[in-house]
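Below: one structure, written as structure tokens.
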Amino acid sequence: MASDFYLRYYVGHKGKFGHEFLEFEFRPNGLLRYANNSNYKNDTMIRKEVFSFRAIMDELKRIVEDSEIMREDDSLWPPPDRIGRQELEIVSGDDHICFTTSKIGSLIDVNNCKDPDGLRCFYYLVQDLKCLVFSLIGLHFKIKPI
């Protein structure tokens with residue numbers, strides 16, 4: 001059971017169009033909270049909340065455990081800069097870890113850091129998490145069935 005599991009991801013920057021960011025979190029009770037703020041062309045903030053089944057939470061926990069991200073350390077990763085920042089917070093049982101790094105443009109950025117293996121683990125986990133969240137949000141809030 002994933003009742004002791006919490007995950008939050010944030011990526012954003014402050015620039016020409018103000019504070020633009022993407023953030024999502026999975027709470028222990030299964031609540032997925034999603035926010036996407038872009039002021040480009042006067043866009044408005046998108047906020048969505050949906051409760052997910054225990055199977056989704058168990059799969060999320062499995063994805064995190066299989067990534068082995070809990071063994072990593074962000075001390076050698078690039079610090080946040082004017083380009084932006086990423087944050088990943090995970091609570092799993094008695095383990096609590098928070099990662100903070102700059103935005104990653106591509107795998108070239110990953111390979112040029114002092115801890116490429118650790119940052120690569122983070123990079124691929126974040127890709128998997130975004131894919132899962134976008135799928136859940138897209139499926140749940142689809143207005144017209146295909």
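For the structure tokens, the naming scheme is as follows: chains receive sequential letters (A, B, ...) according to their order of presentation, residues are indexed from 1 within each chain, and ligands are indexed from 1 in presentation order.
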Exercise for the section: Skip Lys16 (chain A) itself and residues of its chain fewer than 3 positions away, then list as an NGL selection string all residues within 10 Å of it, counting only C-alpha atoms. Expected result: :A and (13 or 19-20 or 39-40)
Exercise for the section: Determine which residues of chain A receive a DSSP assignment of strand (DSSP E or B), computed from the backbone, and state them as a ChimeraX atom specification. Expected result: /A:5-15,18-26,31-37,46-51,81,84-92,95-101
Writing out the chosen residues with N, CA and C atoms as a compact mmCIF listing (two decimals), in the first residue's frame:
```
# COMPACT_ATOMS: atom_id res chain seq x y z
N PHE A 5 3.41 7.28 1.06
CA PHE A 5 4.17 7.74 -0.09
C PHE A 5 3.69 9.12 -0.52
N TYR A 6 4.66 10.04 -0.73
CA TYR A 6 4.37 11.39 -1.18
C TYR A 6 5.43 11.78 -2.20
N LEU A 7 5.01 12.48 -3.27
CA LEU A 7 5.95 12.93 -4.29
C LEU A 7 5.51 14.30 -4.79
N ARG A 8 6.49 15.21 -4.92
CA ARG A 8 6.23 16.53 -5.48
C ARG A 8 7.35 16.88 -6.45
N TYR A 9 6.96 17.41 -7.62
CA TYR A 9 7.93 17.84 -8.62
C TYR A 9 7.59 19.26 -9.04
N TYR A 10 8.61 20.09 -9.19
CA TYR A 10 8.45 21.47 -9.62
C TYR A 10 9.55 21.79 -10.62
N VAL A 11 9.20 22.47 -11.69
CA VAL A 11 10.19 23.03 -12.61
C VAL A 11 9.68 24.40 -13.02
N GLY A 12 10.55 25.39 -12.97
CA GLY A 12 10.09 26.73 -13.33
C GLY A 12 11.21 27.73 -13.40
N HIS A 13 10.81 28.93 -13.80
CA HIS A 13 11.75 30.05 -13.88
C HIS A 13 10.96 31.35 -13.80
N LYS A 14 11.68 32.42 -13.52
CA LYS A 14 11.10 33.76 -13.53
C LYS A 14 11.79 34.52 -14.65
N GLY A 15 11.01 34.99 -15.60
CA GLY A 15 11.60 35.65 -16.76
C GLY A 15 10.70 36.70 -17.34
N GLY A 18 7.07 36.57 -16.41
CA GLY A 18 6.76 36.35 -15.00
C GLY A 18 7.18 34.96 -14.54
N HIS A 19 6.53 34.48 -13.50
CA HIS A 19 6.85 33.17 -12.92
C HIS A 19 6.10 32.09 -13.69
N GLU A 20 6.83 31.33 -14.49
CA GLU A 20 6.25 30.24 -15.25
C GLU A 20 6.74 28.93 -14.66
N PHE A 21 5.81 28.00 -14.45
CA PHE A 21 6.20 26.75 -13.81
C PHE A 21 5.22 25.63 -14.12
N LEU A 22 5.69 24.42 -13.86
CA LEU A 22 4.88 23.21 -13.87
C LEU A 22 5.13 22.55 -12.52
N GLU A 23 4.07 22.15 -11.86
CA GLU A 23 4.21 21.49 -10.56
C GLU A 23 3.13 20.44 -10.42
N PHE A 24 3.52 19.30 -9.86
CA PHE A 24 2.52 18.30 -9.51
C PHE A 24 2.96 17.58 -8.25
N GLU A 25 1.95 17.06 -7.56
CA GLU A 25 2.23 16.29 -6.35
C GLU A 25 1.22 15.17 -6.22
N PHE A 26 1.69 14.06 -5.69
CA PHE A 26 0.85 12.94 -5.32
C PHE A 26 0.85 12.88 -3.81
N LEU A 31 -4.50 11.84 -3.86
CA LEU A 31 -4.82 13.08 -4.56
C LEU A 31 -3.63 13.52 -5.42
N LEU A 32 -3.90 13.68 -6.72
CA LEU A 32 -2.92 14.23 -7.65
C LEU A 32 -3.30 15.69 -7.86
N ARG A 33 -2.38 16.60 -7.54
CA ARG A 33 -2.58 18.03 -7.77
C ARG A 33 -1.60 18.46 -8.85
N TYR A 34 -2.13 19.19 -9.84
CA TYR A 34 -1.35 19.60 -11.00
C TYR A 34 -1.55 21.09 -11.21
N ALA A 35 -0.46 21.80 -11.48
CA ALA A 35 -0.55 23.23 -11.80
C ALA A 35 0.46 23.54 -12.90
N ASN A 36 0.01 24.33 -13.87
CA ASN A 36 0.86 24.74 -14.97
C ASN A 36 0.59 26.22 -15.20
N ASN A 37 1.60 27.05 -14.97
CA ASN A 37 1.43 28.49 -15.11
C ASN A 37 2.33 29.01 -16.22
N ILE A 46 -3.31 26.78 -15.18
CA ILE A 46 -4.15 25.58 -15.26
C ILE A 46 -3.94 24.83 -13.95
N ARG A 47 -5.02 24.56 -13.26
CA ARG A 47 -4.97 23.76 -12.03
C ARG A 47 -5.95 22.61 -12.16
N LYS A 48 -5.48 21.42 -11.82
CA LYS A 48 -6.33 20.23 -11.86
C LYS A 48 -6.06 19.40 -10.61
N GLU A 49 -7.10 18.78 -10.11
CA GLU A 49 -6.98 17.85 -9.00
C GLU A 49 -7.80 16.62 -9.32
N VAL A 50 -7.26 15.47 -9.03
CA VAL A 50 -7.97 14.21 -9.27
C VAL A 50 -7.46 13.18 -8.26
N PHE A 51 -8.37 12.34 -7.78
CA PHE A 51 -7.96 11.25 -6.91
C PHE A 51 -7.60 10.05 -7.77
N ASP A 81 19.80 28.21 -11.46
CA ASP A 81 20.39 29.44 -12.00
C ASP A 81 19.29 30.28 -12.65
N GLY A 84 16.55 28.52 -14.60
CA GLY A 84 15.45 27.92 -13.86
C GLY A 84 15.91 26.90 -12.84
N ARG A 85 14.93 26.26 -12.25
CA ARG A 85 15.22 25.27 -11.21
C ARG A 85 14.24 24.11 -11.31
N GLN A 86 14.68 22.98 -10.81
CA GLN A 86 13.84 21.79 -10.68
C GLN A 86 13.94 21.31 -9.25
N GLU A 87 12.83 20.83 -8.72
CA GLU A 87 12.80 20.26 -7.38
C GLU A 87 12.04 18.95 -7.43
N LEU A 88 12.54 17.97 -6.75
CA LEU A 88 11.85 16.69 -6.61
C LEU A 88 11.92 16.30 -5.15
N GLU A 89 10.76 16.13 -4.54
CA GLU A 89 10.68 15.72 -3.14
C GLU A 89 9.94 14.40 -3.08
N ILE A 90 10.51 13.44 -2.35
CA ILE A 90 9.90 12.12 -2.22
C ILE A 90 9.94 11.70 -0.77
N VAL A 91 8.79 11.24 -0.28
CA VAL A 91 8.71 10.61 1.04
C VAL A 91 8.20 9.21 0.81
N SER A 92 8.99 8.23 1.22
CA SER A 92 8.61 6.83 1.07
C SER A 92 8.95 6.12 2.37
N ASP A 95 11.99 7.17 4.60
CA ASP A 95 12.94 7.90 3.76
C ASP A 95 12.31 9.19 3.24
N HIS A 96 13.06 10.29 3.34
CA HIS A 96 12.61 11.59 2.83
C HIS A 96 13.79 12.23 2.13
N ILE A 97 13.61 12.57 0.87
CA ILE A 97 14.71 13.15 0.12
C ILE A 97 14.19 14.29 -0.74
N CYS A 98 15.01 15.32 -0.88
CA CYS A 98 14.69 16.47 -1.72
C CYS A 98 15.87 16.74 -2.64
N PHE A 99 15.60 16.88 -3.91
CA PHE A 99 16.61 17.22 -4.89
C PHE A 99 16.31 18.59 -5.46
N THR A 100 17.36 19.37 -5.69
CA THR A 100 17.24 20.67 -6.34
C THR A 100 18.37 20.80 -7.34
N THR A 101 18.02 21.20 -8.55
CA THR A 101 19.03 21.39 -9.59
C THR A 101 18.51 22.40 -10.61
```
Exercise for the section: Give me the residues within 7 Å of region 117-131 of chain A as a ChimeraX atom specification, counting only C-alpha atoms and dropping any in the same chain fewer than 3 places off. Expected result: /A:67,69,72,77,110,134-135
Selected residues written out with N, CA and C atoms, as a compact mmCIF listing (two decimals), in the first residue's frame:
```
# COMPACT_ATOMS: atom_id res chain seq x y z
N SER A 67 13.84 3.22 -10.11
CA SER A 67 14.80 4.21 -10.59
C SER A 67 16.03 4.30 -9.68
N ILE A 69 16.46 6.33 -7.33
CA ILE A 69 16.76 7.74 -7.09
C ILE A 69 17.04 8.02 -5.62
N GLU A 72 20.63 8.52 -4.61
CA GLU A 72 21.41 9.59 -5.22
C GLU A 72 21.58 10.78 -4.28
N TRP A 77 25.33 18.14 -8.56
CA TRP A 77 24.50 18.53 -9.70
C TRP A 77 24.55 20.04 -9.86
N VAL A 110 23.37 16.82 -18.93
CA VAL A 110 23.55 15.75 -17.94
C VAL A 110 24.98 15.23 -18.00
N PHE A 134 0.87 13.57 -17.21
CA PHE A 134 0.17 14.10 -18.38
C PHE A 134 -0.87 13.10 -18.89
N SER A 135 -0.57 11.81 -18.82
CA SER A 135 -1.53 10.80 -19.24
C SER A 135 -2.74 10.78 -18.31
```
Exercise for the section: Give me the residues within 10 Å of Asn29 (chain A) as an MDAnalysis selection string, counting only C-alpha atoms and dropping any in the same chain fewer than 6 places off. Expected result: chainID A and resid 2:6 51:54 57
Handout entry: Counting only C-alpha atoms, the option among A:Cys113, A:Ile104, A:Leu132, A:Ile137 closest to Ser75 (chain A)
Key =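 Among the listed residues, the smallest separation from Ser75 (chain A) belongs to A:Cys113.
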Handout entry: Counting only C-alpha atoms, the residue of A:His140, A:Ile56, A:Asp43, A:Lys61 that sits nearest Gly93 (chain A)
Key =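 Looking only at the distances to Gly93 (chain A), the closest residue turns out to be A:Lys61.
Distances to Leu136 (chain A) were evaluated for A:Leu60, A:Pro78, A:Met45, A:Asp94 using only C-alpha atoms, and the minimum falls at A:Leu60.
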Completion exercise
re CA of Pro28 (chain A) and CA of Val64 (chain A): distance 14.6 Å
